[in-house]
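> Next comes query.txt, compact mmCIF, C-alpha atoms:
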# COMPACT_ATOMS: atom_id res chain seq x y z
CA MET A 1 -86.68 95.78 264.46
CA ALA A 2 -86.64 96.33 260.72
CA SER A 3 -86.01 93.38 258.48
CA THR A 4 -82.55 92.73 257.07
CA LYS A 5 -83.82 93.42 253.57
CA GLU A 6 -85.12 96.81 254.55
CA ILE A 7 -81.88 97.79 256.28
CA LYS A 8 -79.88 96.64 253.28
CA ARG A 9 -81.94 98.88 251.01
CA LYS A 10 -81.37 101.86 253.31
CA VAL A 11 -77.62 101.30 253.38
CA GLY A 12 -77.60 101.13 249.59
CA SER A 13 -79.42 104.43 249.23
CA ILE A 14 -77.15 106.16 251.75
CA GLN A 15 -74.11 104.84 249.91
CA ASN A 16 -75.45 106.41 246.73
CA THR A 17 -75.96 109.73 248.48
CA GLN A 18 -72.45 109.50 249.85
CA LYS A 19 -71.07 109.00 246.36
CA ILE A 20 -72.80 112.18 245.25
CA THR A 21 -71.66 114.26 248.21
CA ARG A 22 -68.11 112.99 247.82
CA ALA A 23 -68.09 113.90 244.13
CA MET A 24 -69.54 117.33 244.90
CA LYS A 25 -66.83 117.91 247.47
CA MET A 26 -64.18 117.07 244.93
CA VAL A 27 -65.72 119.33 242.29
CA ALA A 28 -65.98 122.15 244.83
CA SER A 29 -62.35 121.80 245.86
CA ALA A 30 -61.19 121.96 242.23
CA LYS A 31 -63.37 125.01 241.61
CA LEU A 32 -62.14 126.58 244.82
CA ARG A 33 -58.56 126.36 243.71
CA ARG A 34 -59.41 128.07 240.45
CA ALA A 35 -61.46 130.76 242.18
CA ASN A 36 -58.71 131.39 244.69
CA ASP A 37 -56.15 131.75 241.92
CA ALA A 38 -58.38 134.30 240.22
CA VAL A 39 -58.63 136.32 243.44
CA LEU A 40 -54.86 136.40 243.76
CA ARG A 41 -54.37 137.28 240.09
CA MET A 42 -56.69 140.26 240.19
CA ARG A 43 -55.21 141.83 243.32
CA PRO A 44 -52.36 143.69 241.54
CA TYR A 45 -54.89 145.26 239.17
CA ALA A 46 -57.09 146.49 242.01
CA ASP A 47 -54.05 147.85 243.85
CA ALA A 48 -52.73 149.61 240.75
CA ALA A 49 -56.12 151.13 239.87
CA LEU A 50 -56.45 152.39 243.41
CA GLU A 51 -52.90 153.77 243.43
CA ILE A 52 -53.30 155.66 240.17
CA ALA A 53 -56.72 156.98 241.12
CA GLY A 54 -55.31 157.95 244.51
CA LYS A 55 -52.40 159.87 242.98
CA LEU A 56 -54.79 161.60 240.65
CA ALA A 57 -57.35 162.39 243.34
CA SER A 58 -54.71 163.83 245.62
CA THR A 59 -54.11 166.62 243.11
CA CYS A 60 -57.82 167.42 242.88
CA SER A 61 -60.30 168.61 245.46
CA ILE A 62 -63.13 166.26 246.38
CA SER A 63 -65.68 168.51 244.77
CA ASP A 64 -64.12 167.84 241.36
CA HIS A 65 -66.05 164.67 240.89
CA PRO A 66 -69.42 163.47 242.26
CA LEU A 67 -68.03 160.01 242.99
CA LEU A 68 -65.69 161.53 245.57
CA LEU A 69 -68.23 163.70 247.29
CA LEU A 70 -69.94 162.45 250.41
CA ARG A 71 -73.66 163.26 250.25
CA GLU A 72 -76.36 163.07 252.86
CA GLU A 73 -77.95 159.64 252.57
CA LYS A 74 -81.58 159.68 251.53
CA ASN A 75 -81.64 156.73 249.16
CA VAL A 76 -79.13 153.94 249.32
CA GLU A 77 -78.56 150.93 247.18
CA ILE A 78 -77.30 147.66 248.60
CA VAL A 79 -75.55 145.24 246.30
CA ILE A 80 -75.85 141.72 247.67
CA ILE A 81 -73.79 138.90 246.24
CA THR A 82 -75.11 135.39 246.78
CA SER A 83 -74.56 132.12 244.96
CA ASP A 84 -76.69 130.59 242.23
CA LYS A 85 -76.89 127.18 243.81
CA GLY A 86 -77.57 125.97 247.31
CA LEU A 87 -75.89 123.17 249.26
CA CYS A 88 -73.18 125.46 250.55
CA GLY A 89 -73.91 125.66 254.24
CA ALA A 90 -74.88 128.93 255.82
CA SER A 91 -72.83 131.18 253.54
CA ASN A 92 -75.77 132.65 251.60
CA HIS A 93 -77.84 133.00 254.71
CA ASN A 94 -75.08 134.94 256.46
CA VAL A 95 -74.93 137.45 253.62
CA LEU A 96 -78.70 137.85 253.47
CA ALA A 97 -78.94 138.26 257.24
CA ALA A 98 -76.28 140.99 257.13
CA ALA A 99 -78.18 142.71 254.31
CA GLU A 100 -81.42 142.50 256.25
CA LYS A 101 -79.74 144.06 259.27
CA LEU A 102 -78.26 146.90 257.24
CA MET A 103 -81.61 147.59 255.59
CA ALA A 104 -83.41 147.66 258.93
CA GLU A 105 -80.78 150.01 260.32
CA LYS A 106 -81.10 152.39 257.36
CA LYS A 107 -84.88 152.28 257.51
CA ARG A 108 -84.81 153.28 261.16
CA LYS A 109 -82.95 156.43 260.15
CA GLY A 110 -85.57 157.11 257.50
CA ILE A 111 -83.36 156.18 254.58
CA GLU A 112 -84.89 154.42 251.59
CA CYS A 113 -83.16 151.19 250.64
CA LYS A 114 -83.08 149.30 247.39
CA ALA A 115 -81.39 146.00 246.73
CA THR A 116 -79.41 144.90 243.71
CA ILE A 117 -78.99 141.17 243.93
CA VAL A 118 -76.52 138.83 242.31
CA GLY A 119 -77.25 135.10 242.43
CA ARG A 120 -80.47 133.08 242.26
CA VAL A 121 -80.49 132.16 245.95
CA GLY A 122 -80.58 135.82 246.96
CA ILE A 123 -83.10 136.73 244.28
CA GLY A 124 -85.45 133.99 245.48
CA TYR A 125 -85.09 135.10 249.09
CA ALA A 126 -85.60 138.78 248.29
CA THR A 127 -88.66 138.13 246.15
CA PHE A 128 -90.19 135.98 248.86
CA HIS A 129 -89.57 138.63 251.52
CA ARG A 130 -90.74 141.41 249.19
CA TRP A 131 -87.56 143.48 249.32
CA PRO A 132 -87.53 146.44 246.95
CA ILE A 133 -85.33 145.11 244.16
CA GLU A 134 -83.55 147.56 241.88
CA LYS A 135 -81.97 144.99 239.61
CA SER A 136 -81.15 141.31 239.72
CA TYR A 137 -78.33 139.41 238.07
CA PRO A 138 -78.77 135.65 238.04
CA GLY A 139 -76.10 133.26 236.82
CA ILE A 140 -72.94 135.36 237.09
CA LEU A 141 -71.17 133.20 239.66
CA GLU A 142 -72.03 129.82 238.15
CA ARG A 143 -70.01 130.32 234.99
CA LYS A 144 -66.55 131.79 234.53
CA ILE A 145 -66.64 135.30 235.96
CA GLU A 146 -65.63 137.91 233.42
CA PHE A 147 -64.47 141.45 234.09
CA ASP A 148 -67.26 142.59 231.77
CA ASP A 149 -69.83 141.26 234.25
CA ALA A 150 -68.41 143.63 236.84
CA ILE A 151 -68.37 146.53 234.36
CA ASN A 152 -71.97 145.86 233.41
CA LEU A 153 -73.19 145.88 237.01
CA SER A 154 -71.03 148.83 238.06
CA ASP A 155 -72.12 151.02 235.15
CA GLY A 156 -75.73 150.66 236.29
CA ILE A 157 -74.76 151.68 239.81
CA ILE A 158 -72.62 154.61 238.70
CA ASP A 159 -75.43 155.82 236.44
CA ARG A 160 -77.96 155.79 239.26
CA TYR A 161 -75.44 157.45 241.55
CA ARG A 162 -74.64 160.25 239.11
CA ASN A 163 -78.32 160.87 238.42
CA ASP A 164 -78.89 161.35 242.15
CA LYS A 165 -81.19 158.36 242.37
CA VAL A 166 -79.01 156.97 245.13
CA ASP A 167 -76.66 158.77 247.53
CA ALA A 168 -74.55 155.81 248.58
CA VAL A 169 -73.97 152.26 247.45
CA TYR A 170 -73.07 149.43 249.80
CA LEU A 171 -71.72 146.05 248.86
CA ILE A 172 -72.26 142.91 250.91
CA PHE A 173 -70.49 139.67 250.09
CA ASN A 174 -68.61 136.76 251.60
CA LYS A 175 -64.91 137.39 251.86
CA PHE A 176 -62.78 134.31 251.50
CA ILE A 177 -60.35 133.95 254.38
CA SER A 178 -59.65 130.23 254.44
CA VAL A 179 -61.44 127.02 253.54
CA LEU A 180 -62.94 126.89 257.01
CA SER A 181 -63.68 130.54 257.42
CA GLN A 182 -65.50 133.07 255.29
CA LYS A 183 -66.50 136.42 256.62
CA VAL A 184 -69.36 138.63 255.53
CA GLN A 185 -67.93 141.92 254.41
CA GLU A 186 -69.85 145.12 254.15
CA ILE A 187 -68.22 148.01 252.30
CA ARG A 188 -69.32 151.27 250.78
CA ILE A 189 -68.28 151.48 247.14
CA ALA A 190 -69.76 154.85 246.29
CA PRO A 191 -68.85 157.55 247.07
CA ILE A 192 -65.17 156.58 247.06
CA THR A 193 -63.63 157.96 250.23
CA LYS A 194 -60.58 155.81 250.74
CA LEU A 195 -58.50 157.65 248.14
CA SER A 196 -57.92 160.92 249.90
CA SER A 197 -56.90 159.69 253.32
CA GLU A 198 -53.97 157.54 252.26
CA SER A 199 -50.35 158.52 251.94
CA ASN A 200 -51.08 159.98 248.52
CA ARG A 201 -50.79 163.48 249.86
CA ASP A 202 -47.05 163.56 249.30
CA SER A 203 -47.53 163.30 245.57
CA THR A 204 -49.15 166.73 245.47
CA GLN A 205 -45.71 168.28 245.56
CA TYR A 206 -44.87 166.63 242.25
CA LYS A 207 -46.18 168.25 239.16
CA TYR A 208 -48.08 165.67 237.23
CA ILE A 209 -48.73 165.81 233.52
CA PHE A 210 -52.24 164.72 232.64
CA GLU A 211 -53.52 163.52 229.33
CA PRO A 212 -56.40 164.38 228.85
CA GLU A 213 -57.33 167.03 231.47
CA LYS A 214 -57.47 165.76 235.02
CA GLU A 215 -61.24 166.17 235.40
CA GLU A 216 -61.79 163.97 232.38
CA LEU A 217 -59.22 161.47 233.55
CA LEU A 218 -60.85 161.34 236.93
CA SER A 219 -64.25 160.58 235.46
CA LYS A 220 -62.74 157.69 233.51
CA LEU A 221 -60.51 156.34 236.26
CA LEU A 222 -62.86 156.41 239.24
CA PRO A 223 -65.30 153.91 237.68
CA ARG A 224 -62.28 151.60 237.26
CA VAL A 225 -61.86 151.58 241.03
CA ILE A 226 -65.47 150.49 241.40
CA TYR A 227 -65.17 147.87 238.63
CA ALA A 228 -62.19 146.41 240.42
CA GLU A 229 -64.02 146.41 243.74
CA ILE A 230 -67.06 144.63 242.30
CA TYR A 231 -64.95 142.17 240.34
CA ARG A 232 -62.97 141.34 243.46
CA ALA A 233 -66.24 140.82 245.37
CA PHE A 234 -67.48 138.44 242.66
CA LEU A 235 -64.31 136.39 242.84
CA GLU A 236 -64.20 136.37 246.63
CA ALA A 237 -67.87 135.36 246.80
CA SER A 238 -67.29 132.58 244.33
CA ALA A 239 -64.28 131.27 246.27
CA SER A 240 -66.28 131.46 249.51
CA GLU A 241 -69.18 129.59 247.94
CA GLN A 242 -66.95 126.75 246.82
CA ALA A 243 -65.17 126.60 250.17
CA ALA A 244 -68.46 126.51 252.04
CA ARG A 245 -69.78 123.82 249.72
CA MET A 246 -66.62 121.80 250.20
CA VAL A 247 -67.00 121.91 253.97
CA ALA A 248 -70.74 121.18 253.80
CA MET A 249 -70.24 118.22 251.49
CA ASP A 250 -67.39 116.91 253.61
CA GLY A 251 -69.72 117.01 256.60
CA ALA A 252 -72.44 115.26 254.62
CA THR A 253 -70.04 112.53 253.52
CA ASN A 254 -68.94 111.97 257.12
CA ASN A 255 -72.53 111.86 258.34
CA ALA A 256 -73.35 109.31 255.68
CA SER A 257 -70.41 107.16 256.83
CA GLU A 258 -71.68 107.31 260.41
CA LEU A 259 -75.19 106.35 259.33
CA ILE A 260 -73.90 103.46 257.27
CA GLN A 261 -71.88 102.23 260.23
CA LYS A 262 -74.92 102.37 262.49
CA LEU A 263 -77.14 100.65 259.96
CA THR A 264 -74.56 97.94 259.33
CA LEU A 265 -74.55 97.26 263.07
CA ASP A 266 -78.36 97.05 263.00
CA PHE A 267 -78.16 94.76 260.01
CA ASN A 268 -75.79 92.40 261.79
CA LYS A 269 -77.95 92.38 264.88
CA ALA A 270 -81.03 91.60 262.81
CA ARG A 271 -79.23 88.82 260.97
CA GLN A 272 -77.99 87.34 264.23
CA ALA A 273 -81.48 87.52 265.66
CA GLN A 274 -82.82 85.70 262.63
CA ILE A 275 -80.23 82.92 262.99
CA THR A 276 -80.96 82.56 266.67
CA ARG A 277 -84.67 82.40 265.94
CA GLU A 278 -84.18 79.72 263.34
CA LEU A 279 -82.00 77.66 265.70
CA ILE A 280 -84.63 77.90 268.41
CA GLU A 281 -87.26 76.79 265.94
CA ILE A 282 -85.19 73.75 264.88
CA SER A 283 -84.29 72.70 268.40
CA SER A 284 -87.85 73.15 269.66
CA ALA A 285 -89.10 71.06 266.71
CA ILE A 286 -86.63 68.29 267.65
CA GLU A 287 -87.74 68.53 271.28
CA ALA A 288 -91.36 68.18 270.23
CA MET A 289 -90.64 65.11 268.12
CA LYS A 290 -88.97 63.26 271.04
CA MET B 1 -28.20 154.96 233.23
CA SER B 2 -31.35 154.31 235.17
CA LYS B 3 -33.95 151.98 233.75
CA LEU B 4 -37.70 151.94 233.63
CA ASN B 5 -39.57 149.31 235.55
CA CYS B 6 -42.62 148.48 233.48
CA ILE B 7 -45.61 146.59 234.84
CA ILE B 8 -48.59 145.79 232.66
CA ILE B 9 -51.63 144.45 234.49
CA THR B 10 -55.06 143.25 233.46
CA PRO B 11 -57.76 142.05 235.87
CA ASN B 12 -56.77 138.47 235.11
CA LYS B 13 -53.01 138.53 235.16
CA LYS B 14 -49.75 140.41 235.23
CA VAL B 15 -48.83 140.55 231.55
CA ARG B 16 -45.34 142.01 231.92
CA ASN B 17 -43.05 142.99 234.73
CA VAL B 18 -39.75 143.92 233.10
CA GLU B 19 -36.95 146.43 233.05
CA CYS B 20 -36.60 148.45 229.89
CA ASP B 21 -35.08 151.59 228.39
CA TYR B 22 -38.01 152.88 226.40
CA ILE B 23 -41.78 152.52 226.26
CA GLY B 24 -43.87 153.65 223.32
CA ALA B 25 -47.64 153.84 223.57
CA THR B 26 -50.72 155.44 222.07
CA GLY B 27 -52.51 157.93 224.26
CA VAL B 28 -55.87 159.54 223.60
CA GLU B 29 -54.03 162.69 222.55
CA GLY B 30 -51.48 160.92 220.38
CA ASP B 31 -48.49 158.61 220.49
CA PHE B 32 -45.84 159.19 223.11
CA GLY B 33 -42.63 157.68 224.37
CA ILE B 34 -41.31 157.30 227.89
CA LEU B 35 -37.62 157.38 228.76
CA PRO B 36 -36.07 157.07 232.23
CA LEU B 37 -36.39 160.17 234.46
CA HIS B 38 -39.70 161.07 232.87
CA ALA B 39 -41.85 163.54 234.78
CA PRO B 40 -44.83 162.13 236.74
CA PHE B 41 -47.45 161.40 234.12
CA ILE B 42 -50.91 159.87 233.87
CA SER B 43 -52.45 159.18 230.50
CA GLU B 44 -55.48 157.42 229.17
CA LEU B 45 -54.56 154.96 226.44
CA ALA B 46 -56.32 154.78 223.10
CA PRO B 47 -56.58 151.61 221.00
CA GLY B 48 -53.06 150.91 219.84
CA VAL B 49 -49.81 149.09 220.35
CA LEU B 50 -47.54 149.41 223.35
CA PHE B 51 -43.94 148.38 222.85
CA LEU B 52 -40.88 148.13 225.04
CA ARG B 53 -37.27 148.46 224.05
CA ASN B 54 -34.46 147.09 226.14
CA GLN B 55 -30.80 147.58 225.21
CA GLY B 56 -31.75 148.30 221.62
CA LYS B 57 -33.86 145.15 221.33
CA LYS B 58 -37.61 145.30 220.88
CA ASP B 59 -39.79 143.22 223.14
CA ASP B 60 -43.01 141.66 221.77
CA PRO B 61 -45.57 144.40 221.21
CA ILE B 62 -48.82 144.40 223.15
CA GLY B 63 -52.15 145.55 221.77
CA ILE B 64 -54.15 147.58 224.26
CA VAL B 65 -57.80 148.46 223.65
CA SER B 66 -58.20 150.85 226.54
CA GLY B 67 -56.39 151.52 229.73
CA PHE B 68 -54.26 153.91 231.72
CA LEU B 69 -50.55 154.51 231.98
CA HIS B 70 -48.94 155.95 235.06
CA VAL B 71 -45.33 157.08 235.34
CA PHE B 72 -43.85 157.85 238.71
CA GLU B 73 -40.15 157.78 239.55
CA ASP B 74 -39.20 155.43 236.71
CA LYS B 75 -41.98 153.04 237.61
CA VAL B 76 -44.44 152.67 234.77
CA THR B 77 -47.74 150.98 235.57
CA VAL B 78 -50.20 150.18 232.83
CA ILE B 79 -53.66 148.96 233.70
CA ALA B 80 -55.75 147.65 230.85
CA ASP B 81 -59.05 145.78 230.69
CA LYS B 82 -57.81 143.50 227.96
CA VAL B 83 -54.57 143.08 226.08
CA TYR B 84 -53.68 141.22 222.92
CA GLU B 85 -50.38 139.53 222.18
CA LYS B 86 -48.88 138.69 218.79
CA SER B 87 -50.15 135.13 219.26
CA ASP B 88 -53.74 136.42 219.29
CA ILE B 89 -53.38 137.62 215.70
CA LYS B 90 -55.09 135.05 213.52
CA LYS B 91 -55.62 136.96 210.29
CA SER B 92 -53.64 139.28 208.05
CA ALA B 93 -53.62 143.04 208.57
CA ASP B 94 -55.70 143.53 205.40
CA GLU B 95 -58.49 141.31 206.68
CA TYR B 96 -58.57 143.21 209.97
CA LYS B 97 -58.60 146.42 208.00
CA ASN B 98 -61.67 145.35 206.01
CA GLN B 99 -63.48 144.28 209.16
CA TYR B 100 -62.54 147.49 210.90
CA GLU B 101 -63.74 149.70 208.03
CA LYS B 102 -67.09 147.90 208.01
CA LYS B 103 -67.57 148.25 211.74
CA LYS B 104 -66.53 151.88 211.61
CA GLN B 105 -69.18 152.62 209.01
CA ALA B 106 -71.78 150.82 211.13
CA LEU B 107 -70.69 152.92 214.10
CA GLU B 108 -71.04 156.18 212.19
CA LYS B 109 -74.67 155.38 211.42
CA LEU B 110 -75.53 154.96 215.09
CA GLU B 111 -76.43 157.77 217.44
CA LYS B 112 -74.47 158.07 220.68
CA SER B 113 -77.62 157.48 222.68
CA ASP B 114 -78.32 154.21 220.86
CA SER B 115 -78.23 151.17 223.13
CA GLN B 116 -76.03 149.38 220.60
CA TYR B 117 -73.51 152.22 220.41
CA ALA B 118 -71.29 151.07 223.28
CA ASN B 119 -71.12 147.52 221.95
CA VAL B 120 -70.27 148.52 218.41
CA LYS B 121 -67.74 151.06 219.68
CA ALA B 122 -66.04 148.38 221.78
CA GLU B 123 -65.84 146.06 218.77
CA THR B 124 -64.49 148.84 216.56
CA ASP B 125 -61.79 149.63 219.13
CA LYS B 126 -60.90 145.95 219.44
CA LEU B 127 -60.55 145.58 215.67
CA LEU B 128 -58.46 148.74 215.46
CA THR B 129 -56.14 147.37 218.13
CA LEU B 130 -55.81 144.03 216.34
CA LEU B 131 -55.24 145.83 213.04
CA LYS B 132 -52.47 147.96 214.52
CA LEU B 133 -50.91 144.94 216.18
CA ALA B 134 -51.06 142.90 212.98
CA ALA B 135 -49.51 145.74 211.00
CA TYR B 136 -46.81 146.41 213.62
CA LYS B 137 -43.26 145.65 212.52
Please express what this file holds, its structure, as structure tokens.


Amino acid sequence: MASTKEIKRKVGSIQNTQKITRAMKMVASAKLRRANDAVLRMRPYADAALEIAGKLASTCSISDHPLLLLREEKNVEIVIITSDKGLCGASNHNVLAAAEKLMAEKKRKGIECKATIVGRVGIGYATFHRWPIEKSYPGILERKIEFDDAINLSDGIIDRYRNDKVDAVYLIFNKFISVLSQKVQEIRIAPITKLSSESNRDSTQYKYIFEPEKEELLSKLLPRVIYAEIYRAFLEASASEQAARMVAMDGATNNASELIQKLTLDFNKARQAQITRELIEISSAIEAMK
Amino acid sequence: MSKLNCIIITPNKKVRNVECDYIGATGVEGDFGILPLHAPFISELAPGVLFLRNQGKKDDPIGIVSGFLHVFEDKVTVIADKVYEKSDIKKSADEYKNQYEKKKQALEKLEKSDSQYANVKAETDKLLTLLKLAAYK
């Protein structure tokens, strides 16, 4: 059995670790609340952008704008959103596994895939596994997420889409459902197909006034739908990251408590053994002197 | 008389959600006003000031750099990337005017294909919005 001194040192180091994990959990829960608020605040914008674009699109035919037109997939781009830091359970791995699956599936059909990766964890993973990387964006999720970040990334995508470099763009990220549950979501952001199917058809009977012409409006409004989609994904991913980290750090803190309990028991046993040994030594010395 | 329900939204928050009688805004093809029972209308907004009037009283004006306005059955939805309130005005209109003129000249020297063009254009639009908001009475 280890000496009492050794056990004491171990307990001390675990207590220090526990302090760190507990602090990280608290930081994560504060950040989670902020991230969750941001998700809720941006929802009306996304809904409104979609509604206006939908109303507009319902008066046009899908061939009016390339972003509405479904093309045969030859090259696709996959946007993968991961975190910049680790220690958040399996959340990054789930996203990367889903991306890997999608890429394998596309490759089987003879479709070329390229990855655009947000977050250092994903970039590291993709570089190690030699994925074809189109563009990488480190450090977006670790600071305050701005709408401009989403515009910046989306403009690159839209450019490549309009220049026929890619025929479809998929987005993979963790959707925040609750603190205990985040789900990997896989959506296609370009071309935009969800506009035409909705109940927007009824608005065709109204005569809309457009300023400027509707083709020009469409080309300015449709990117907004994609900006909103990407921005929402950023915020959801950030909320998921913090939630996953909170849970992971909670688990770590509990594990540390368990370990400390076990080691304290060991420590007491060792101390008791030492006392017993000393008593035996004394009494046997007395016996010998008789 | 029916009223307009006006909602102004940015990606970060709902700026306004109010009832009003009149909305004035700057579109890319010029200023316009919306009264109740307006025909369905979608317009792109140019840098400028959007103001609401309710029962003859003017609400605080809002500076909008770029965005869209949608009118449908007395519901007016404005989506904008960024808005400025009166409280964001830190300098006098003249100072904004000077800054704006300088930026505008810098912009005219650049080609559209220049990588800096978009940035400078965005700053010019922002300054124009602030200038209009500062000068608004």

> Could you state the separation of atom CA of B:Ile8 and atom CA of A:Ala35 in Å, given to one decimal place?

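It comes out at 22.0 Å.
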
> Would you mind listing what lies within 10 Å of stretch 124-137 of chain B as a ChimeraX atom specification, with all atoms listed in the file counted and same-chain residues fewer than 5 positions away left out?

/B:46-51,61-66,82-86,88-107,118-119

> If we count all atoms listed in the file, which residues of chain B reach to within 7 Å of chain A? Please list them as an mmCIF file with C-alpha atoms, keeping the file's coordinate frame.


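Output saved as out20.cif:
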data_model
loop_
_atom_site.group_PDB
_atom_site.id
_atom_site.type_symbol
_atom_site.label_atom_id
_atom_site.label_comp_id
_atom_site.auth_asym_id
_atom_site.auth_seq_id
_atom_site.Cartn_x
_atom_site.Cartn_y
_atom_site.Cartn_z
ATOM 1 C CA ILE B 9 -51.630 144.450 234.490
ATOM 2 C CA THR B 10 -55.060 143.250 233.460
ATOM 3 C CA PRO B 11 -57.760 142.050 235.870
ATOM 4 C CA ASN B 12 -56.770 138.470 235.110
ATOM 5 C CA LYS B 13 -53.010 138.530 235.160
ATOM 6 C CA GLU B 29 -54.030 162.690 222.550
ATOM 7 C CA PRO B 40 -44.830 162.130 236.740
ATOM 8 C CA PHE B 41 -47.450 161.400 234.120
ATOM 9 C CA ILE B 42 -50.910 159.870 233.870
ATOM 10 C CA SER B 43 -52.450 159.180 230.500
ATOM 11 C CA GLU B 44 -55.480 157.420 229.170
ATOM 12 C CA HIS B 70 -48.940 155.950 235.060
ATOM 13 C CA ILE B 79 -53.660 148.960 233.700
#

> Quick one: distance from atom CA of A:Tyr161 to atom CA of A:Phe234 in Å, one decimal?

20.6 Å

> Hey, which of B:Asp114, B:Glu108, B:Asp81, B:Glu123 ends up closest to B:Lys14? Count all atoms listed in the file.

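Closest to B:Lys14, using all atoms listed in the file: B:Asp81.
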